[in-house]
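S.K.: Before I ask anything, here is the structure I am working with.
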Amino acid sequence: MATAELVTRVWIEPGCIVCDACENAAPTVFHVTDDTCVIRPDALNAEFTRPLTAEIKEAAEECPVDVIKFEVVMGEAPAATATPAAAKEEKAAAKADADEPATAAVKKAPHKPAAAAKESGKAAAKSPEKAPTVSVAGEPDPAIQALLRAATSRGGMAVIGKTDAESGPTAKMWEKAPASELPPDARQAKVLKASGETKDGVTRRGVLTGSALGIGWLAFGGASVVSAVAFQRFMMPNVLEEPDPRVRIGKLEVYAAMPPGEVNNDHKPDGFWIIRLEDRIAALNIICTHLGCIPNWLANDRKFKCPCHGSGFRQAGINFEGPAPRPLERFRIEVVDGFVVVDKSKKYQYEKGQWESAESFVEV
Amino acid sequence: MIESIWTHGLVAAGDSNAVKDAINAICQPHWFFILSNVALFVFLMGYRTFTKPAFALFALLAFTAFYILSALDPDFLSIIIKADNVPITMMMYLTGFFAWLGFRQSAINDTRMEQGQPLLEAGSDDKVLVWPDLVYTEMIALVLCTVFLMVWAVVLRAPLEPPANPSVAPNPSKAPWYFLGLQELLVYFDPWIAGVLLPGLIIVGLIAVPYIDKNPRGNGYYTFKERKFAITTFMVGYLIMWIVLIVFGTFLRGPNWNFFGPYEFWDPHRPAALLNIDFRDIFWVRWMGRAIPTEDWSGIPYYLVREAPGIALLLGYFLVFPVVLKHTVFRRMAVQLGGIRYGIMVFLFLWMLLVPIKMALRWTLNMHYIVAITEFFLNV
Ligand code: SF4
Ligand code: FES
């Protein structure tokens, strides 16, 4: 057999545009997913890629964005054109001698001094047309590859889960590889398999986990029901303090004597201002119509100003600045035996035209 | 004494009040907002240079010097020594540091990728076990945090305010520091939008990110070059629309929620009048030269007739833009994402963009609401 370049390792750098070219050229090596291309887990093995050298090189050349990179060693050329079936035979035949150099080559790479890596990096940059076929400086970033695989493929699990008939020789290879070299999914599957637990068999662990989960959910459900009942009870207190919404605030003459445009601040603790308009007085709710803060009357600016988000209202209660969407509300107001009484249980909104209602003001 | 150092020290170099006035002036809301955006984009464009340790150190020292000099101003000092505001100072330094750290590693990785060298994270296997590594670490962190908070509360005398009084609101009433950004949004939006819809969209949007964005680039390694749109969008949302707004709310919002420069006295009696107008006023009165419609029109209720221009504007924004963007700037992304994911992405993106748009409309045109159906608490 003649010596030739053999691919021991193949990887994909960021930048794949998902064109499918590689999967057509070497379907057992590349797998194009929805948004990227990954190396099939079995093809992370030098034994697997060596016989597929020609296909991998072809894929690398076809890749329009040149993101397929690989590493080669010199070795004995395979006898026949490689197919997955041939790969199996060749693997069996060359097992003893071919294993060694490949592993050595891969192991050596990480210890390459940085300077050398830079050198060949520069060389690669100088001759870009050669880039796909020469080995590229640096490792293919095992961490990144593993992450990309984990993020984009269910490959590990998918391959391991299948029977030999379904996935052919590849499944066998998985089982032979040491667990530490496998991607996380496959590693987990292998460990599970080794411990005698299969996906569909009934195991002790499965029963225990299942019943614990069941009890857990039952307890959670029970606790939720109890707290829902408690909450319901909480919403109906035995004693409800509801102060009389009607406040008697004093003689009408006092308020009638205020000059128009004036605001009486004395009843803010009761929840309203008494405002004197041209020919009437009215009771203005102190709650800001934006989010319910309490504005202040700024006598100099002749406006109510909210300290929370800066809404401003004119003396009559009309909003004119800041975010408040509508004017302050007014309360029902009446005169009983010469005394002004404000009834906070009834509100009048400007935007609904309710300020015209005779109950919302007292004429003076 | 301190004030005189500030005054005399800088009078030599120039007129100190001129400096203060200039800073007060650029802290006007629109300038502050524009300048922070410009700063962010300049930084992103030159991230490889600006994250060099020398630059970063210079920025750190310059900012610290600015902060210390500012503290000589009694008004600024009174803000930063308020116990509530101490976390803001920490936040500014920490945000700066972590933003630098992330972009620094991205810059290194991006350069390495171009040169064909292994990434920073290559070969590092920093997986650890939940038990004991993570649980122990968490427990220790928990204990240390508790100790830290107790010491902090004692040393800074955590303030206890007077009993709540339903008829008095402190002036200004400020939310806890981490919600100041949200409170700032409330200035420009209806409570339903700023208090429920926008926070809801932020949370739903963040949850949706992994489903919308399935691009594996940047998984497990730092990079900016490969994820420019994603990272820029996030940085605008986080740095500008959250952190900058917190800074806004802390330093620049005074009594009556008026704007004050950082060196201005918080005078509760300072007059500041803004006359809001709704879009309907602009459209019907200013453009059409007629009164705002108050009658139903061929079966359409009057409030829909009245708000028709605003509704059309909003519908246009949310319906036309996705299509326009699909064929222009987002052309590649639309193909990659597919219809549904692109639709969701663009919807969230447009909502995010609506926030600065609405703020700018308020600052420039005093725009109150674009659609104001107060009858049904529907205001945008
Ligand atoms: S050939 Fe290249 S671009 Fe096409 S799918 Fe493969 S890696 Fe991606
Ligand atoms: S609560 Fe008054 S302005 Fe927001």
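Chain lettering (A, B, ...) mirrors the order of the structure tokens, residue numbering begins at 1 for each chain separately, and ligand numbering begins at 1 in order of display.
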Using only C-alpha atoms and all ligand atoms, which residues of the polymer chains come no farther than 7 Å from ligand 1? I'd like the answer as a VMD selection string.

M.R.: chain A and resid 12 16 to 23 32 36 to 37 59 to 60 62 to 68

S.K.: Restricting the output to N, CA, C and O atoms, write the selected residues as a PDB file, in the first residue's frame.

M.R.:
ATOM      1  N   ILE A  12     -15.375  22.015  12.441  1.00  0.00           N
ATOM      2  CA  ILE A  12     -15.987  23.113  11.696  1.00  0.00           C
ATOM      3  C   ILE A  12     -15.822  24.392  12.483  1.00  0.00           C
ATOM      4  O   ILE A  12     -16.156  24.444  13.663  1.00  0.00           O
ATOM      5  N   CYS A  16     -20.569  28.701   9.360  1.00  0.00           N
ATOM      6  CA  CYS A  16     -21.323  27.839   8.445  1.00  0.00           C
ATOM      7  C   CYS A  16     -22.585  28.555   7.975  1.00  0.00           C
ATOM      8  O   CYS A  16     -23.254  29.223   8.738  1.00  0.00           O
ATOM      9  N   ILE A  17     -22.862  28.417   6.676  1.00  0.00           N
ATOM     10  CA  ILE A  17     -24.068  29.071   6.170  1.00  0.00           C
ATOM     11  C   ILE A  17     -25.148  28.054   5.834  1.00  0.00           C
ATOM     12  O   ILE A  17     -26.095  28.352   5.110  1.00  0.00           O
ATOM     13  N   VAL A  18     -24.980  26.838   6.309  1.00  0.00           N
ATOM     14  CA  VAL A  18     -26.008  25.799   6.203  1.00  0.00           C
ATOM     15  C   VAL A  18     -26.369  25.509   4.756  1.00  0.00           C
ATOM     16  O   VAL A  18     -27.531  25.538   4.372  1.00  0.00           O
ATOM     17  N   CYS A  19     -25.346  25.207   3.932  1.00  0.00           N
ATOM     18  CA  CYS A  19     -25.635  25.012   2.519  1.00  0.00           C
ATOM     19  C   CYS A  19     -25.800  23.556   2.169  1.00  0.00           C
ATOM     20  O   CYS A  19     -26.176  23.237   1.043  1.00  0.00           O
ATOM     21  N   ASP A  20     -25.507  22.639   3.083  1.00  0.00           N
ATOM     22  CA  ASP A  20     -25.705  21.209   2.861  1.00  0.00           C
ATOM     23  C   ASP A  20     -24.652  20.562   1.984  1.00  0.00           C
ATOM     24  O   ASP A  20     -24.708  19.357   1.758  1.00  0.00           O
ATOM     25  N   ALA A  21     -23.711  21.333   1.455  1.00  0.00           N
ATOM     26  CA  ALA A  21     -22.753  20.758   0.516  1.00  0.00           C
ATOM     27  C   ALA A  21     -21.965  19.634   1.177  1.00  0.00           C
ATOM     28  O   ALA A  21     -21.709  18.586   0.586  1.00  0.00           O
ATOM     29  N   CYS A  22     -21.584  19.847   2.449  1.00  0.00           N
ATOM     30  CA  CYS A  22     -20.723  18.879   3.095  1.00  0.00           C
ATOM     31  C   CYS A  22     -21.462  17.584   3.363  1.00  0.00           C
ATOM     32  O   CYS A  22     -20.914  16.502   3.207  1.00  0.00           O
ATOM     33  N   GLU A  23     -22.728  17.714   3.723  1.00  0.00           N
ATOM     34  CA  GLU A  23     -23.447  16.479   4.038  1.00  0.00           C
ATOM     35  C   GLU A  23     -23.643  15.645   2.774  1.00  0.00           C
ATOM     36  O   GLU A  23     -23.638  14.427   2.820  1.00  0.00           O
ATOM     37  N   VAL A  32     -25.934  18.493   8.816  1.00  0.00           N
ATOM     38  CA  VAL A  32     -26.363  19.893   8.746  1.00  0.00           C
ATOM     39  C   VAL A  32     -27.707  20.024   9.451  1.00  0.00           C
ATOM     40  O   VAL A  32     -28.681  19.394   9.077  1.00  0.00           O
ATOM     41  N   THR A  36     -26.821  25.185  11.808  1.00  0.00           N
ATOM     42  CA  THR A  36     -25.387  25.074  11.682  1.00  0.00           C
ATOM     43  C   THR A  36     -25.076  23.677  11.196  1.00  0.00           C
ATOM     44  O   THR A  36     -25.965  22.887  10.898  1.00  0.00           O
ATOM     45  N   CYS A  37     -23.790  23.393  11.093  1.00  0.00           N
ATOM     46  CA  CYS A  37     -23.366  22.080  10.652  1.00  0.00           C
ATOM     47  C   CYS A  37     -22.500  21.507  11.754  1.00  0.00           C
ATOM     48  O   CYS A  37     -21.678  22.210  12.329  1.00  0.00           O
ATOM     49  N   ALA A  59     -15.494  17.556   0.740  1.00  0.00           N
ATOM     50  CA  ALA A  59     -16.449  18.416   1.438  1.00  0.00           C
ATOM     51  C   ALA A  59     -15.801  19.742   1.777  1.00  0.00           C
ATOM     52  O   ALA A  59     -16.392  20.814   1.604  1.00  0.00           O
ATOM     53  N   ALA A  60     -14.546  19.678   2.237  1.00  0.00           N
ATOM     54  CA  ALA A  60     -13.865  20.909   2.635  1.00  0.00           C
ATOM     55  C   ALA A  60     -13.728  21.838   1.441  1.00  0.00           C
ATOM     56  O   ALA A  60     -13.840  23.056   1.563  1.00  0.00           O
ATOM     57  N   GLU A  62     -15.696  21.887  -1.167  1.00  0.00           N
ATOM     58  CA  GLU A  62     -17.010  22.352  -1.630  1.00  0.00           C
ATOM     59  C   GLU A  62     -17.608  23.413  -0.725  1.00  0.00           C
ATOM     60  O   GLU A  62     -18.457  24.175  -1.150  1.00  0.00           O
ATOM     61  N   CYS A  63     -17.173  23.409   0.526  1.00  0.00           N
ATOM     62  CA  CYS A  63     -17.759  24.353   1.476  1.00  0.00           C
ATOM     63  C   CYS A  63     -17.531  25.766   0.965  1.00  0.00           C
ATOM     64  O   CYS A  63     -16.397  26.187   0.796  1.00  0.00           O
ATOM     65  N   PRO A  64     -18.564  26.504   0.686  1.00  0.00           N
ATOM     66  CA  PRO A  64     -18.387  27.833   0.081  1.00  0.00           C
ATOM     67  C   PRO A  64     -17.723  28.827   1.021  1.00  0.00           C
ATOM     68  O   PRO A  64     -17.171  29.816   0.571  1.00  0.00           O
ATOM     69  N   VAL A  65     -17.797  28.570   2.335  1.00  0.00           N
ATOM     70  CA  VAL A  65     -17.207  29.560   3.236  1.00  0.00           C
ATOM     71  C   VAL A  65     -15.951  29.014   3.893  1.00  0.00           C
ATOM     72  O   VAL A  65     -15.401  29.627   4.802  1.00  0.00           O
ATOM     73  N   ASP A  66     -15.487  27.859   3.436  1.00  0.00           N
ATOM     74  CA  ASP A  66     -14.232  27.282   3.910  1.00  0.00           C
ATOM     75  C   ASP A  66     -14.128  27.172   5.414  1.00  0.00           C
ATOM     76  O   ASP A  66     -13.128  27.562   6.018  1.00  0.00           O
ATOM     77  N   VAL A  67     -15.167  26.661   6.039  1.00  0.00           N
ATOM     78  CA  VAL A  67     -15.077  26.556   7.500  1.00  0.00           C
ATOM     79  C   VAL A  67     -14.754  25.141   7.943  1.00  0.00           C
ATOM     80  O   VAL A  67     -14.600  24.868   9.116  1.00  0.00           O
ATOM     81  N   ILE A  68     -14.639  24.216   6.987  1.00  0.00           N
ATOM     82  CA  ILE A  68     -14.305  22.838   7.360  1.00  0.00           C
ATOM     83  C   ILE A  68     -12.793  22.713   7.432  1.00  0.00           C
ATOM     84  O   ILE A  68     -12.086  23.027   6.474  1.00  0.00           O
TER      85      ILE A  68
END

S.K.: Ligand 2: which residues are within 7 Å, counting only C-alpha atoms and all ligand atoms? Reply as a PyMOL selection string.

M.R.: (chain A and resi 288-295+306-311+322-324) or (chain B and resi 186-187)

S.K.: Please dump the current selection as a JSON list (two decimals), in the first residue's frame; keep C-alpha atoms.

M.R.:
[["chain", "number", "residue", "atom", "x", "y", "z"],
["A", 288, "CYS", "CA", -53.41, 61.21, 41.43],
["A", 289, "THR", "CA", -55.12, 59.66, 38.40],
["A", 290, "HIS", "CA", -51.82, 58.29, 37.18],
["A", 291, "LEU", "CA", -50.78, 55.75, 39.79],
["A", 292, "GLY", "CA", -52.38, 56.96, 43.00],
["A", 293, "CYS", "CA", -49.74, 59.14, 44.67],
["A", 294, "ILE", "CA", -50.76, 62.24, 46.58],
["A", 295, "PRO", "CA", -49.98, 65.50, 44.75],
["A", 306, "CYS", "CA", -47.49, 64.94, 41.89],
["A", 307, "PRO", "CA", -44.12, 64.01, 43.44],
["A", 308, "CYS", "CA", -44.04, 60.52, 41.90],
["A", 309, "HIS", "CA", -43.89, 61.08, 38.14],
["A", 310, "GLY", "CA", -44.52, 64.79, 37.87],
["A", 311, "SER", "CA", -48.14, 65.01, 36.77],
["A", 322, "GLY", "CA", -46.80, 64.72, 33.09],
["A", 323, "PRO", "CA", -48.27, 61.30, 32.51],
["A", 324, "ALA", "CA", -51.65, 61.50, 34.28],
["B", 186, "LEU", "CA", -43.93, 55.71, 34.13],
["B", 187, "VAL", "CA", -43.31, 59.37, 33.41]]

S.K.: Closest to Asn256 in chain B among B:Ala169, B:Ala65, B:Ile340, B:Phe224, using only C-alpha atoms?

M.R.: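 Answer, going by the shortest atom-to-atom distance: B:Ala169.
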
S.K.: Skipping near chain neighbours, those fewer than 3 positions away, what residues fall within 10 Å of Ala56 in chain B using only C-alpha atoms, listed as a compact mmCIF listing (two decimals) with C-alpha atoms, in the first residue's frame?

M.R.:
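Resulting contents of result.txt:
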# COMPACT_ATOMS: atom_id res chain seq x y z
CA THR B 49 -9.22 49.67 21.50
CA PHE B 50 -11.37 50.89 24.34
CA THR B 51 -11.08 47.66 26.28
CA LYS B 52 -7.30 47.74 26.33
CA PRO B 53 -6.23 47.79 29.97
CA ALA B 59 -11.57 55.66 32.10
CA LEU B 60 -11.73 54.36 35.65
CA LEU B 61 -9.44 57.10 36.96
CA ALA B 62 -11.14 59.82 34.95
CA GLY B 96 -18.58 49.46 34.15
CA PHE B 97 -16.29 46.71 35.34
CA TRP B 100 -15.39 45.93 30.38
CA LEU B 101 -14.63 42.35 31.39
CA ARG B 104 -12.30 42.62 26.83

S.K.: Please report, as an MDAnalysis selection string, each residue of range 7-185 of chain B to which DSSP assigns helix (DSSP H, G or I) when run on this structure's backbone.

M.R.: chainID B and resid 7:13 16:26 29:45 47:50 53:71 74:80 83:115 130:155 177:185

S.K.: Dump as a PyMOL selection string the residues of chain B that approach chain A to within 6 Å, counting only C-alpha atoms.

M.R.: chain B and resi 116-118+122-123+167+169+171-173+187-188+256-257+274-276

S.K.: Identify which of the residues B:Leu245, B:Cys145, B:Ala312, B:Val155 lies closest to Ile370 in chain B, counting only C-alpha atoms when measuring atom-to-atom distances.

M.R.: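 When distances to Ile370 in chain B are compared using only C-alpha atoms, the smallest one comes from B:Ala312.
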
S.K.: Skip range 18-24 of chain B itself and residues of its chain fewer than 3 positions away, then list as a list in words all residues within 7 Å of it, counting only C-alpha atoms.

M.R.: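 Once the adjacent positions are removed, what remains is Asp15, Cys27, Gln28, Gly261, Pro262 and Tyr263 of chain B.
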
S.K.: Please produce a file of the residues just selected, as a PDB file, in the first residue's frame, where the atoms kept are N, CA and C atoms.

M.R.:
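Okay, this is what ended up in again11.pdb:
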ATOM      1  N   ASP B  15     -13.537  79.154  34.643  1.00  0.00           N
ATOM      2  CA  ASP B  15     -14.586  79.552  35.561  1.00  0.00           C
ATOM      3  C   ASP B  15     -15.337  78.311  36.024  1.00  0.00           C
ATOM      4  N   CYS B  27     -26.801  67.581  31.085  1.00  0.00           N
ATOM      5  CA  CYS B  27     -27.605  66.606  31.806  1.00  0.00           C
ATOM      6  C   CYS B  27     -29.091  66.851  31.604  1.00  0.00           C
ATOM      7  N   GLN B  28     -29.450  67.789  30.768  1.00  0.00           N
ATOM      8  CA  GLN B  28     -30.850  67.893  30.380  1.00  0.00           C
ATOM      9  C   GLN B  28     -31.254  66.564  29.773  1.00  0.00           C
ATOM     10  N   GLY B 261     -30.142  69.629  37.200  1.00  0.00           N
ATOM     11  CA  GLY B 261     -28.771  69.240  36.890  1.00  0.00           C
ATOM     12  C   GLY B 261     -28.130  68.679  38.144  1.00  0.00           C
ATOM     13  N   PRO B 262     -27.032  67.924  37.992  1.00  0.00           N
ATOM     14  CA  PRO B 262     -26.427  67.296  39.174  1.00  0.00           C
ATOM     15  C   PRO B 262     -25.925  68.312  40.198  1.00  0.00           C
ATOM     16  N   TYR B 263     -25.609  69.535  39.754  1.00  0.00           N
ATOM     17  CA  TYR B 263     -25.094  70.519  40.711  1.00  0.00           C
ATOM     18  C   TYR B 263     -26.126  71.596  41.012  1.00  0.00           C
TER      19      TYR B 263
END

S.K.: Just to confirm, what's the straight-line distance from CA of Tyr348 in chain A to CA of Arg314 in chain A in Å (one decimal)?

M.R.: 16.7 Å
